[in-house]
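input-v8.cif follows; it contains mmCIF, C-alpha atoms.
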data_final
loop_
_atom_site.label_atom_id
_atom_site.label_comp_id
_atom_site.auth_asym_id
_atom_site.auth_seq_id
_atom_site.Cartn_x
_atom_site.Cartn_y
_atom_site.Cartn_z
CA MET U 1 -21.57 -27.43 -53.38
CA PRO U 2 -18.92 -25.38 -51.58
CA ASP U 3 -17.98 -26.27 -48.04
CA GLN U 4 -19.82 -23.95 -45.68
CA THR U 5 -18.14 -25.19 -42.50
CA THR U 6 -16.12 -22.67 -40.59
CA THR U 7 -13.38 -23.20 -38.08
CA PRO U 8 -14.37 -21.96 -34.65
CA SER U 9 -12.29 -18.97 -33.67
CA ALA U 10 -10.02 -19.35 -30.66
CA PRO U 11 -11.33 -17.77 -27.46
CA ALA U 12 -10.09 -14.25 -26.94
CA ALA U 13 -7.10 -13.96 -24.63
CA PRO U 14 -7.85 -12.32 -21.28
CA THR U 15 -7.03 -8.62 -21.13
CA GLY U 16 -6.45 -6.12 -18.35
CA TYR U 17 -6.61 -7.49 -14.83
CA LEU U 18 -7.91 -10.87 -15.99
CA ARG U 19 -4.44 -11.73 -17.33
CA LEU U 20 -3.16 -11.85 -13.76
CA PHE U 21 -5.26 -14.86 -12.87
CA GLN U 22 -3.60 -16.94 -15.55
CA VAL U 23 -0.52 -16.93 -13.31
CA ARG U 24 -0.92 -19.68 -10.71
CA GLU U 25 1.35 -18.08 -8.12
CA PHE U 26 -0.48 -14.78 -8.36
CA ARG U 27 -3.76 -16.52 -7.61
CA ALA U 28 -2.23 -17.79 -4.38
CA VAL U 29 -0.82 -14.36 -3.47
CA PHE U 30 -4.15 -12.69 -4.22
CA ALA U 31 -6.13 -15.15 -2.09
CA ALA U 32 -3.60 -14.83 0.74
CA HIS U 33 -3.85 -11.03 0.55
CA ALA U 34 -7.64 -11.16 0.80
CA LEU U 35 -7.46 -13.51 3.80
CA SER U 36 -4.84 -11.55 5.72
CA LEU U 37 -6.66 -8.29 4.99
CA LEU U 38 -9.89 -9.77 6.30
CA GLY U 39 -8.02 -10.89 9.40
CA LEU U 40 -6.59 -7.43 10.04
CA VAL U 41 -9.96 -5.71 9.62
CA VAL U 42 -11.69 -8.10 12.00
CA ALA U 43 -8.81 -7.85 14.50
CA GLU U 44 -8.93 -4.03 14.49
CA ILE U 45 -12.66 -3.92 15.12
CA ALA U 46 -12.74 -6.75 17.65
CA LEU U 47 -9.76 -5.42 19.60
CA SER U 48 -11.19 -1.90 19.73
CA VAL U 49 -14.53 -3.25 21.03
CA LEU U 50 -12.78 -5.57 23.47
CA VAL U 51 -10.69 -2.77 24.96
CA TYR U 52 -13.72 -0.52 25.29
CA ASP U 53 -15.77 -3.30 26.93
CA GLN U 54 -13.02 -3.86 29.51
CA THR U 55 -12.17 -0.22 30.26
CA GLY U 56 -15.12 1.93 29.19
CA SER U 57 -12.48 4.35 27.88
CA PRO U 58 -12.96 5.84 24.40
CA LEU U 59 -9.32 6.98 24.50
CA LEU U 60 -7.94 3.46 25.03
CA SER U 61 -10.35 2.07 22.46
CA ALA U 62 -9.13 4.62 19.90
CA LEU U 63 -5.53 3.93 20.91
CA ALA U 64 -6.00 0.25 20.12
CA PHE U 65 -7.03 1.29 16.62
CA ALA U 66 -4.30 3.94 16.19
CA LEU U 67 -1.56 1.51 17.16
CA GLY U 68 -2.04 -0.03 13.75
CA PHE U 69 -0.18 2.97 12.27
CA LEU U 70 2.52 3.98 14.74
CA PRO U 71 4.96 1.01 14.72
CA TYR U 72 5.13 0.82 10.91
CA LEU U 73 8.20 3.03 10.87
CA ILE U 74 9.96 0.76 13.36
CA GLY U 75 9.34 -2.44 11.44
CA GLY U 76 9.92 -0.79 8.09
CA THR U 77 13.35 0.57 8.98
CA LEU U 78 14.80 -1.79 11.60
CA LEU U 79 13.62 -5.07 10.05
CA ALA U 80 13.62 -4.19 6.34
CA SER U 81 16.63 -6.32 5.41
CA LEU U 82 14.61 -9.46 6.21
CA ALA U 83 12.93 -8.95 2.85
CA ASP U 84 16.21 -9.42 0.94
CA ARG U 85 18.52 -11.54 3.09
CA HIS U 86 16.14 -14.52 3.41
CA PRO U 87 14.03 -16.35 0.81
CA ALA U 88 10.87 -14.35 0.26
CA ARG U 89 8.46 -17.26 0.75
CA ARG U 90 10.01 -18.03 4.12
CA VAL U 91 9.66 -14.40 5.23
CA LEU U 92 6.03 -14.19 4.13
CA VAL U 93 5.02 -17.42 5.84
CA LEU U 94 6.89 -16.47 9.01
CA CYS U 95 5.20 -13.06 9.12
CA ASP U 96 1.77 -14.67 8.85
CA LEU U 97 2.64 -17.12 11.63
CA VAL U 98 3.91 -14.30 13.85
CA CYS U 99 0.66 -12.40 13.25
CA ALA U 100 -1.36 -15.48 14.19
CA ALA U 101 0.78 -15.85 17.32
CA CYS U 102 0.11 -12.21 18.24
CA VAL U 103 -3.65 -12.51 17.81
CA ALA U 104 -4.11 -15.88 19.57
CA PRO U 105 -3.36 -14.56 23.12
CA MET U 106 -5.81 -11.68 22.53
CA ALA U 107 -8.61 -14.25 22.39
CA VAL U 108 -7.71 -15.70 25.80
CA PRO U 109 -10.08 -14.48 28.55
CA GLY U 110 -8.34 -12.37 31.14
CA THR U 111 -5.63 -10.96 28.88
CA GLY U 112 -4.75 -7.52 30.26
CA ILE U 113 -5.11 -4.26 28.37
CA ALA U 114 -1.37 -3.61 28.32
CA VAL U 115 -0.76 -7.04 26.79
CA LEU U 116 -3.51 -6.49 24.21
CA LEU U 117 -1.98 -3.18 23.12
CA ALA U 118 1.53 -4.66 23.03
CA LEU U 119 0.32 -7.51 20.82
CA ARG U 120 -1.38 -4.97 18.54
CA CYS U 121 1.97 -3.20 18.21
CA GLY U 122 3.53 -6.53 17.28
CA LEU U 123 1.09 -6.89 14.38
CA ALA U 124 1.96 -3.42 13.13
CA VAL U 125 5.72 -4.01 13.36
CA VAL U 126 5.46 -7.14 11.21
CA ALA U 127 3.08 -5.60 8.64
CA PRO U 128 5.58 -3.50 6.61
CA VAL U 129 8.02 -6.41 6.35
CA PHE U 130 5.24 -8.65 5.06
CA GLN U 131 3.86 -6.08 2.63
CA GLY U 132 7.28 -5.04 1.32
CA THR U 133 8.36 -8.64 0.80
CA ARG U 134 5.10 -9.46 -0.97
CA MET U 135 5.50 -6.42 -3.22
CA ALA U 136 9.01 -7.50 -4.20
CA THR U 137 7.79 -11.07 -4.71
CA LEU U 138 5.17 -9.81 -7.16
CA ALA U 139 8.02 -8.61 -9.38
CA ASP U 140 9.54 -12.12 -9.21
CA ILE U 141 6.21 -13.76 -10.10
CA LEU U 142 4.90 -11.28 -12.67
CA GLY U 143 8.12 -9.74 -13.98
CA ASP U 144 8.89 -6.04 -13.84
CA GLY U 145 6.58 -5.02 -16.69
CA ASP U 146 2.88 -4.31 -17.06
CA LEU U 147 1.71 -7.42 -15.19
CA PHE U 148 3.54 -6.22 -12.06
CA VAL U 149 1.84 -2.83 -12.30
CA LEU U 150 -1.58 -4.44 -12.68
CA GLY U 151 -0.89 -6.87 -9.84
CA ARG U 152 0.06 -4.03 -7.48
CA SER U 153 -2.98 -2.08 -8.60
CA LEU U 154 -5.36 -4.99 -8.01
CA LEU U 155 -4.04 -5.55 -4.48
CA ARG U 156 -4.52 -1.84 -3.76
CA ILE U 157 -8.06 -2.00 -5.12
CA VAL U 158 -8.83 -4.89 -2.78
CA SER U 159 -7.41 -2.90 0.13
CA GLN U 160 -9.49 0.17 -0.77
CA SER U 161 -12.57 -2.01 -1.12
CA ALA U 162 -11.95 -3.29 2.40
CA LEU U 163 -12.30 0.30 3.62
CA LEU U 164 -15.77 0.37 2.10
CA THR U 165 -17.05 -3.06 3.11
CA GLY U 166 -14.69 -4.58 5.64
CA PHE U 167 -15.63 -2.57 8.67
CA GLY U 168 -19.32 -3.01 7.96
CA LEU U 169 -18.92 -6.76 7.64
CA GLY U 170 -16.82 -6.79 10.80
CA GLY U 171 -19.56 -4.97 12.66
CA VAL U 172 -22.12 -7.52 11.45
CA LEU U 173 -19.81 -10.33 12.57
CA LEU U 174 -19.62 -8.88 16.08
CA THR U 175 -23.40 -8.96 16.35
CA ALA U 176 -23.26 -12.72 15.85
CA THR U 177 -20.24 -13.55 18.00
CA SER U 178 -18.09 -12.13 20.78
CA PRO U 179 -14.91 -10.10 20.10
CA ARG U 180 -12.73 -12.95 21.39
CA HIS U 181 -14.38 -15.47 19.07
CA ALA U 182 -13.93 -13.00 16.20
CA LEU U 183 -10.23 -12.86 17.05
CA LEU U 184 -10.07 -16.65 16.68
CA ILE U 185 -11.39 -16.18 13.15
CA THR U 186 -8.49 -13.78 12.58
CA VAL U 187 -6.03 -16.45 13.71
CA GLY U 188 -7.55 -18.76 11.12
CA THR U 189 -7.22 -16.20 8.32
CA PHE U 190 -3.52 -15.68 9.05
CA LEU U 191 -2.89 -19.42 9.13
CA GLY U 192 -4.82 -19.80 5.87
CA SER U 193 -2.71 -17.06 4.28
CA ALA U 194 0.48 -18.77 5.45
CA ALA U 195 -0.66 -22.09 3.93
CA LEU U 196 -1.53 -20.47 0.61
CA LEU U 197 1.86 -18.77 0.37
CA ARG U 198 3.77 -21.87 1.47
CA PHE U 199 2.14 -24.27 -0.96
CA GLY U 200 0.99 -21.87 -3.69
CA THR U 201 4.29 -20.11 -4.43
CA ARG U 202 7.68 -21.56 -5.22
CA ARG U 203 10.84 -21.08 -3.25
CA ARG U 204 13.26 -18.45 -4.56
CA PRO U 205 16.71 -17.70 -3.18
CA ALA U 206 17.44 -14.62 -1.12
CA ARG U 207 18.27 -11.49 -3.12
CA THR U 208 21.42 -10.76 -1.15
CA ARG U 209 23.84 -12.65 1.05
CA ALA U 210 24.38 -9.74 3.42
CA GLY U 211 25.38 -10.78 6.91
CA GLY U 212 25.82 -8.97 10.19
CA ALA U 213 23.27 -7.71 12.66
CA LEU U 214 19.73 -7.42 11.34
CA VAL U 215 19.10 -3.85 12.54
CA ALA U 216 22.45 -2.53 11.30
CA ASP U 217 21.95 -4.21 7.94
CA SER U 218 18.41 -2.79 7.68
CA LEU U 219 19.58 0.74 8.43
CA ARG U 220 22.44 0.38 5.97
CA GLY U 221 19.98 -0.85 3.34
CA ALA U 222 17.69 2.13 3.98
CA ARG U 223 20.63 4.48 3.45
CA GLN U 224 21.52 2.68 0.22
CA VAL U 225 17.95 2.95 -1.07
CA LEU U 226 17.68 6.63 -0.21
CA ALA U 227 21.13 7.36 -1.66
CA HIS U 228 19.72 6.81 -5.17
CA ARG U 229 18.42 10.22 -6.21
CA ARG U 230 15.88 8.78 -8.64
CA VAL U 231 14.54 6.22 -6.16
CA ARG U 232 14.39 8.85 -3.42
CA VAL U 233 12.22 11.10 -5.60
CA LEU U 234 9.91 8.22 -6.51
CA LEU U 235 9.46 7.27 -2.86
CA LEU U 236 8.57 10.88 -2.01
CA LEU U 237 5.99 10.84 -4.82
CA PHE U 238 4.41 7.82 -3.15
CA TRP U 239 4.55 9.39 0.33
CA ILE U 240 3.78 13.09 -0.04
CA PRO U 241 0.37 13.05 -1.82
CA PRO U 242 -1.17 10.78 0.86
CA LEU U 243 0.21 13.13 3.55
CA PHE U 244 -2.21 15.76 2.23
CA ALA U 245 -4.88 13.40 0.86
CA VAL U 246 -5.87 12.13 4.33
CA VAL U 247 -6.83 15.61 5.55
CA PRO U 248 -10.54 15.44 4.56
CA GLU U 249 -10.77 11.94 6.04
CA ALA U 250 -9.22 13.10 9.32
CA LEU U 251 -11.65 16.01 9.51
CA ALA U 252 -14.73 14.26 8.12
CA ALA U 253 -16.57 14.12 11.47
CA PRO U 254 -16.44 17.86 12.26
CA TYR U 255 -17.09 18.72 8.61
CA ALA U 256 -20.19 16.51 8.49
CA ALA U 257 -21.36 18.05 11.75
CA GLY U 258 -20.90 21.54 10.32
CA LEU U 259 -23.01 20.59 7.31
CA GLY U 260 -25.66 19.03 9.50
CA ALA U 261 -25.25 15.85 7.45
CA GLY U 262 -25.40 13.47 10.42
CA SER U 263 -23.92 9.98 10.53
CA ALA U 264 -25.15 9.15 7.01
CA GLY U 265 -23.28 12.14 5.59
CA LEU U 266 -20.19 11.19 7.56
CA GLY U 267 -20.30 7.70 6.08
CA LEU U 268 -20.58 9.10 2.56
CA LEU U 269 -17.66 11.48 3.13
CA MET U 270 -15.51 8.58 4.38
CA CYS U 271 -16.41 6.46 1.35
CA ALA U 272 -16.02 9.05 -1.42
CA LEU U 273 -12.22 9.07 -1.62
CA PRO U 274 -11.85 5.25 -1.76
CA VAL U 275 -14.62 5.09 -4.40
CA GLY U 276 -12.74 7.56 -6.56
CA THR U 277 -9.46 5.73 -6.05
CA ILE U 278 -10.97 2.38 -7.05
CA ALA U 279 -12.65 3.86 -10.12
CA GLY U 280 -9.47 5.62 -11.24
CA GLU U 281 -7.26 2.57 -10.83
CA LEU U 282 -9.74 0.26 -12.55
CA PHE U 283 -10.02 2.57 -15.54
CA ALA U 284 -6.28 3.16 -15.85
CA GLY U 285 -5.43 -0.51 -15.40
CA ALA U 286 -8.07 -1.88 -17.76
CA ARG U 287 -8.30 0.82 -20.43
CA LEU U 288 -4.93 2.57 -20.70
CA ARG U 289 -1.79 1.22 -22.29
CA PRO U 290 1.36 1.01 -20.12
CA ALA U 291 3.04 3.84 -22.06
CA THR U 292 -0.02 6.04 -21.53
CA ARG U 293 -0.09 5.33 -17.79
CA GLU U 294 3.54 6.36 -17.52
CA ARG U 295 2.97 9.47 -19.63
CA ILE U 296 0.09 10.76 -17.47
CA ALA U 297 1.61 9.84 -14.09
CA LEU U 298 3.34 13.16 -13.43
CA PRO U 299 0.48 15.38 -14.71
CA LEU U 300 -1.95 13.41 -12.57
CA VAL U 301 0.16 13.68 -9.43
CA CYS U 302 0.21 17.45 -9.95
CA VAL U 303 -3.61 17.77 -9.98
CA THR U 304 -4.84 14.94 -7.74
CA LEU U 305 -5.02 17.22 -4.68
CA LEU U 306 -6.32 20.29 -6.51
CA PRO U 307 -10.04 19.47 -5.99
CA TYR U 308 -9.52 20.04 -2.25
CA ALA U 309 -9.12 23.75 -3.00
CA GLY U 310 -12.86 23.76 -3.70
CA TYR U 311 -13.48 23.42 0.04
CA ALA U 312 -12.61 27.13 0.31
CA LEU U 313 -16.06 27.83 -1.19
CA ARG U 314 -17.69 25.89 1.69
CA PRO U 315 -19.60 23.50 -0.60
CA GLY U 316 -22.55 21.39 0.42
CA LEU U 317 -22.47 17.63 0.84
CA ALA U 318 -23.03 16.71 -2.82
CA VAL U 319 -20.26 18.96 -4.16
CA SER U 320 -17.91 17.86 -1.38
CA LEU U 321 -18.45 14.24 -2.35
CA LEU U 322 -17.75 15.07 -6.00
CA LEU U 323 -14.49 16.82 -5.07
CA LEU U 324 -13.36 13.81 -3.05
CA VAL U 325 -14.21 11.35 -5.82
CA LEU U 326 -12.28 13.46 -8.36
CA SER U 327 -9.27 13.62 -6.08
CA GLY U 328 -9.38 9.87 -5.46
CA ALA U 329 -9.54 9.16 -9.20
CA GLY U 330 -6.32 11.15 -9.66
CA ALA U 331 -4.51 8.56 -7.55
CA ALA U 332 -4.25 6.46 -10.72
CA TYR U 333 -0.83 8.10 -11.06
CA THR U 334 0.48 5.30 -8.83
CA LEU U 335 0.35 2.82 -11.73
CA GLY U 336 2.99 4.81 -13.58
CA LEU U 337 5.09 5.21 -10.43
CA ASP U 338 4.97 1.46 -9.80
CA GLN U 339 6.51 0.82 -13.19
CA TRP U 340 9.31 3.31 -12.62
CA LEU U 341 10.06 2.10 -9.11
CA VAL U 342 10.43 -1.58 -9.98
CA ARG U 343 12.52 -0.61 -13.00
CA ASP U 344 14.88 1.78 -11.18
CA VAL U 345 15.44 0.07 -7.81
CA PRO U 346 18.51 -2.21 -7.86
CA GLY U 347 17.40 -5.83 -7.67
CA GLU U 348 19.39 -6.61 -4.53
CA LEU U 349 17.63 -3.75 -2.69
CA ARG U 350 14.12 -4.34 -4.02
CA GLY U 351 12.70 -5.96 -0.89
CA ARG U 352 14.11 -3.25 1.39
CA ALA U 353 12.89 -0.49 -0.91
CA MET U 354 9.36 -1.91 -0.98
CA THR U 355 9.35 -2.35 2.80
CA LEU U 356 10.56 1.21 3.25
CA LEU U 357 7.85 2.38 0.83
CA THR U 358 5.14 0.69 2.90
CA ALA U 359 6.47 2.00 6.21
CA GLY U 360 6.78 5.54 4.90
CA LEU U 361 3.32 5.47 3.37
CA MET U 362 1.63 4.57 6.66
CA THR U 363 3.82 6.96 8.67
CA PHE U 364 3.16 9.93 6.40
CA GLN U 365 -0.58 9.26 6.53
CA GLY U 366 -0.49 9.17 10.31
CA VAL U 367 1.47 12.43 10.41
CA GLY U 368 -0.97 13.99 7.94
CA MET U 369 -3.95 13.11 10.13
CA ALA U 370 -2.27 14.57 13.21
CA LEU U 371 -1.26 17.79 11.43
CA ALA U 372 -4.77 18.14 10.00
CA GLY U 373 -6.24 18.09 13.49
CA VAL U 374 -3.77 20.70 14.74
CA ALA U 375 -4.33 23.01 11.76
CA ALA U 376 -8.12 22.74 12.01
CA GLU U 377 -7.98 23.88 15.64
CA PHE U 378 -6.62 27.23 14.48
CA ALA U 379 -7.86 27.69 10.90
CA GLY U 380 -11.09 25.69 10.79
CA VAL U 381 -11.96 22.63 8.74
CA THR U 382 -12.66 24.11 5.31
CA VAL U 383 -9.57 26.34 5.32
CA THR U 384 -7.42 23.40 6.41
CA VAL U 385 -8.68 21.12 3.64
CA ALA U 386 -8.37 23.84 0.98
CA GLY U 387 -4.91 24.76 2.25
CA ALA U 388 -3.85 21.11 2.12
CA GLY U 389 -5.01 20.97 -1.49
CA LEU U 390 -3.06 24.06 -2.56
CA LEU U 391 0.09 23.33 -0.58
CA GLY U 392 0.04 19.68 -1.57
CA THR U 393 -0.36 20.59 -5.23
CA ALA U 394 2.65 22.90 -5.06
CA VAL U 395 4.83 20.28 -3.36
CA CYS U 396 3.74 17.59 -5.82
CA ALA U 397 4.58 19.89 -8.74
CA VAL U 398 8.11 20.35 -7.39
CA LEU U 399 8.54 16.60 -6.95
CA ALA U 400 7.15 15.94 -10.43
CA GLY U 401 9.71 18.33 -11.88
CA GLU U 402 12.49 16.53 -10.02
CA ALA U 403 11.18 13.16 -11.23
CA ARG U 404 11.25 14.44 -14.81
CA ARG U 405 14.85 15.63 -14.40
CA THR U 406 15.98 12.30 -12.94
CA ARG U 407 14.12 10.13 -15.45
CA HIS U 408 17.32 9.14 -17.27
CA ALA U 409 19.67 9.41 -14.29
CA ALA U 410 19.55 5.72 -13.32
CA PRO U 411 20.44 4.30 -16.75
CA ALA U 412 23.28 6.81 -17.09
CA THR U 413 24.67 5.75 -13.73
CA GLU U 414 24.47 2.11 -14.72
CA ARG U 415 26.38 2.87 -17.96
CA ARG U 416 29.11 4.63 -16.01
CA ASP U 417 29.34 1.71 -13.58
CA ARG U 418 29.68 -0.75 -16.45
CA ALA U 419 32.35 1.41 -18.06
CA ASP U 420 34.28 1.62 -14.78
CA ARG U 421 34.17 -2.15 -14.35
CA HIS U 422 35.34 -2.66 -17.94
CA MET U 423 38.29 -0.29 -17.48
CA THR U 424 39.35 -1.96 -14.24
CA GLY U 425 38.83 -5.47 -15.59
CA GLY U 426 35.97 -6.05 -13.13
#

Could I get this file's structure written as structure tokens?
Amino acid sequence: MPDQTTTPSAPAAPTGYLRLFQVREFRAVFAAHALSLLGLVVAEIALSVLVYDQTGSPLLSALAFALGFLPYLIGGTLLASLADRHPARRVLVLCDLVCAACVAPMAVPGTGIAVLLALRCGLAVVAPVFQGTRMATLADILGDGDLFVLGRSLLRIVSQSALLTGFGLGGVLLTATSPRHALLITVGTFLGSAALLRFGTRRRPARTRAGGALVADSLRGARQVLAHRRVRVLLLLFWIPPLFAVVPEALAAPYAAGLGAGSAGLGLLMCALPVGTIAGELFAGARLRPATRERIALPLVCVTLLPYAGYALRPGLAVSLLLLVLSGAGAAYTLGLDQWLVRDVPGELRGRAMTLLTAGLMTFQGVGMALAGVAAEFAGVTVTVAGAGLLGTAVCAVLAGEARRTRHAAPATERRDRADRHMTGG
């Protein structure tokens, strides 16, 4: 009688985002990211409530929230060289400890408003250094191929998800405890993140041995990053679309009021763009091959803002939500840009470039929100959103054309450099 036994097939290898969690160091980075993000969300809500309770001023309460954006440019330009001139693990752990040290005094009864706002600025100054260093560290942990792109995408998805759930959870937390006690929880999340990074990742040497004053070295590094035509174009492709993309978010309250949609409609309008972004990134990361993601990056960046033009027709709530979801889904172009950026940035400048990317991203979004408010005062909400869609699409098309022209510029430069060194005996 023939043998009917069969050899069990080996379990299928994880695909898509699941591959990331096979890398031990990434698991630590991911958990630390979730903890520090939770801490920031709770700190923003608790601090805003605390300031309002002490002053009764909506302006100061809003200022406490807005200060999370303004100092990004300072930290991202004046402190950027920290990401390359010191071991990355040391920088990440130190940033978490500094954040914990900034939040701890906020929880002390009697801390003045000026001190609270100054400490909030301290958190925002440190943030781009931390995020840029972590981004560069991902390339060390995951390599500069598809795993890096998926790792970046997954961290962005977690951040977008925090926009949907974090503030709601923070509000629930404040019903159970006081703002100062909530701030103590934030201290714990930063310390937990520091521990995960310290013991969950391995030490790697600094990328550069640059000396001199920190600020001067950071500014010099920023000039070096921006001197690369290809890198400069890629950074603008990361920065410019969000400049226009935040316009509906900035004007969601008056738009919802104009529709008569109430607070429920406002909540839906605020959620639609992140929902689209999450859906687009998940699909592109899990279903598309790396070559496909790179191939569609430039076409996507050219159309991601186009749905905003539909606001010119003064749509109702349902159509407005659909337009926002479609626009958010177009943000999947960032997966292709991630691959190009990590490939084209010189290794010794990677940390500074990623820090500069983070600082510019937050700064451009803040500028976009401010400009949206000014434009809406004169042109109205629907015209402003539609105009942002059309103007943004035109600018993105120009940048996409420049990115296509510079696609092979970096390798050609490297070949010339190698030839020069060979001729000079270098």

- Item | Counting only C-alpha atoms, the option among U:Leu259, U:Ala403, U:Leu73, U:Leu361 closest to Pro315 (chain U) | U:Leu259

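Residues matched by the PyMOL selection byres ((chain U and resi 154) around 10) in this structure: Tyr17, Leu20, Phe30, Phe148, Val149, Leu150, Gly151, Arg152, Ser153, Leu155, Arg156, Ile157, Val158, Ser159, Gln160, Ile278, Glu281, Leu282 and Gly285 of chain U.
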
Could you turn the residues from that selection into a file that holds C-alpha atoms, as a compact mmCIF listing (two decimals), in the coordinates of the input?
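Full text of out11.txt as output:
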# COMPACT_ATOMS: atom_id res chain seq x y z
CA TYR U 17 -6.61 -7.49 -14.83
CA LEU U 20 -3.16 -11.85 -13.76
CA PHE U 30 -4.15 -12.69 -4.22
CA PHE U 148 3.54 -6.22 -12.06
CA VAL U 149 1.84 -2.83 -12.30
CA LEU U 150 -1.58 -4.44 -12.68
CA GLY U 151 -0.89 -6.87 -9.84
CA ARG U 152 0.06 -4.03 -7.48
CA SER U 153 -2.98 -2.08 -8.60
CA LEU U 155 -4.04 -5.55 -4.48
CA ARG U 156 -4.52 -1.84 -3.76
CA ILE U 157 -8.06 -2.00 -5.12
CA VAL U 158 -8.83 -4.89 -2.78
CA SER U 159 -7.41 -2.90 0.13
CA GLN U 160 -9.49 0.17 -0.77
CA ILE U 278 -10.97 2.38 -7.05
CA GLU U 281 -7.26 2.57 -10.83
CA LEU U 282 -9.74 0.26 -12.55
CA GLY U 285 -5.43 -0.51 -15.40

- Message: Could you tell me, as a list of chain:residue names, exactly which residues end up selected when the PyMOL selection byres ((chain U and resi 223) around 12) is applied to this structure?
- Response: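 Evaluating the PyMOL selection byres ((chain U and resi 223) around 12) on this file yields U:Thr77, U:Leu78, U:Ala80, U:Ser81, U:Ala216, U:Asp217, U:Ser218, U:Leu219, U:Arg220, U:Gly221, U:Ala222, U:Gln224, U:Val225, U:Leu226, U:Ala227, U:His228, U:Arg229, U:Val231, U:Arg232, U:Leu349, U:Arg352, U:Ala353, U:Leu356.
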
- Task: Specify as a PyMOL selection string each residue included when the PyMOL selection byres ((chain U and resi 301-313) around 10) is applied to this file.
- Result: chain U and resi 237-238+241-242+244-245+247-248+296-300+314-316+319-320+322-334+337+381-401

Any chance you can output those residues with C-alpha atoms as a CSV table (one decimal), in the frame of the given file?
chain,number,residue,atom,x,y,z
U,237,LEU,CA,6.0,10.8,-4.8
U,238,PHE,CA,4.4,7.8,-3.2
U,241,PRO,CA,0.4,13.0,-1.8
U,242,PRO,CA,-1.2,10.8,0.9
U,244,PHE,CA,-2.2,15.8,2.2
U,245,ALA,CA,-4.9,13.4,0.9
U,247,VAL,CA,-6.8,15.6,5.6
U,248,PRO,CA,-10.5,15.4,4.6
U,296,ILE,CA,0.1,10.8,-17.5
U,297,ALA,CA,1.6,9.8,-14.1
U,298,LEU,CA,3.3,13.2,-13.4
U,299,PRO,CA,0.5,15.4,-14.7
U,300,LEU,CA,-2.0,13.4,-12.6
U,314,ARG,CA,-17.7,25.9,1.7
U,315,PRO,CA,-19.6,23.5,-0.6
U,316,GLY,CA,-22.6,21.4,0.4
U,319,VAL,CA,-20.3,19.0,-4.2
U,320,SER,CA,-17.9,17.9,-1.4
U,322,LEU,CA,-17.8,15.1,-6.0
U,323,LEU,CA,-14.5,16.8,-5.1
U,324,LEU,CA,-13.4,13.8,-3.0
U,325,VAL,CA,-14.2,11.4,-5.8
U,326,LEU,CA,-12.3,13.5,-8.4
U,327,SER,CA,-9.3,13.6,-6.1
U,328,GLY,CA,-9.4,9.9,-5.5
U,329,ALA,CA,-9.5,9.2,-9.2
U,330,GLY,CA,-6.3,11.2,-9.7
U,331,ALA,CA,-4.5,8.6,-7.6
U,332,ALA,CA,-4.2,6.5,-10.7
U,333,TYR,CA,-0.8,8.1,-11.1
U,334,THR,CA,0.5,5.3,-8.8
U,337,LEU,CA,5.1,5.2,-10.4
U,381,VAL,CA,-12.0,22.6,8.7
U,382,THR,CA,-12.7,24.1,5.3
U,383,VAL,CA,-9.6,26.3,5.3
U,384,THR,CA,-7.4,23.4,6.4
U,385,VAL,CA,-8.7,21.1,3.6
U,386,ALA,CA,-8.4,23.8,1.0
U,387,GLY,CA,-4.9,24.8,2.2
U,388,ALA,CA,-3.8,21.1,2.1
U,389,GLY,CA,-5.0,21.0,-1.5
U,390,LEU,CA,-3.1,24.1,-2.6
U,391,LEU,CA,0.1,23.3,-0.6
U,392,GLY,CA,0.0,19.7,-1.6
U,393,THR,CA,-0.4,20.6,-5.2
U,394,ALA,CA,2.6,22.9,-5.1
U,395,VAL,CA,4.8,20.3,-3.4
U,396,CYS,CA,3.7,17.6,-5.8
U,397,ALA,CA,4.6,19.9,-8.7
U,398,VAL,CA,8.1,20.4,-7.4
U,399,LEU,CA,8.5,16.6,-7.0
U,400,ALA,CA,7.2,15.9,-10.4
U,401,GLY,CA,9.7,18.3,-11.9

- Distance criterion (only C-alpha atoms): nearest to Cys95 (chain U) out of U:Ile240, U:Leu341, U:Ala194, U:Ala256: U:Ala194

- May I ask which of the residues U:Leu243, U:Val126, U:Ala32, U:Val367 is the closest one to Ala195 (chain U), counting all atoms listed in the file?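 Ranking U:Leu243, U:Val126, U:Ala32, U:Val367 by distance to Ala195 (chain U), first place goes to U:Ala32.
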
- Item | Who sits within 7 Å of Leu183 (chain U), all atoms listed in the file, same chain under 3 positions skipped, as number ranges by chain | U: 43, 46, 103, 107, 179-180, 186-187

Export C-alpha atoms of the chosen residues as a PDB file, keeping the file's coordinate frame?
ATOM      1  CA  ALA U  43      -8.810  -7.850  14.500  1.00  0.00           C
ATOM      2  CA  ALA U  46     -12.740  -6.750  17.650  1.00  0.00           C
ATOM      3  CA  VAL U 103      -3.650 -12.510  17.810  1.00  0.00           C
ATOM      4  CA  ALA U 107      -8.610 -14.250  22.390  1.00  0.00           C
ATOM      5  CA  PRO U 179     -14.910 -10.100  20.100  1.00  0.00           C
ATOM      6  CA  ARG U 180     -12.730 -12.950  21.390  1.00  0.00           C
ATOM      7  CA  THR U 186      -8.490 -13.780  12.580  1.00  0.00           C
ATOM      8  CA  VAL U 187      -6.030 -16.450  13.710  1.00  0.00           C
TER       9      VAL U 187
END

- Straight-line distance linking CA of Val342 (chain U) with CA of Met369 (chain U), stated in Å to one decimal: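 Those two atoms sit 28.8 Å apart.
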
- U:Ala114, U:Met270, U:Leu191, U:Ala136: which is nearest Leu94 (chain U), counting only C-alpha atoms?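 Counting only C-alpha atoms, the residue closest to Leu94 (chain U) is U:Leu191.
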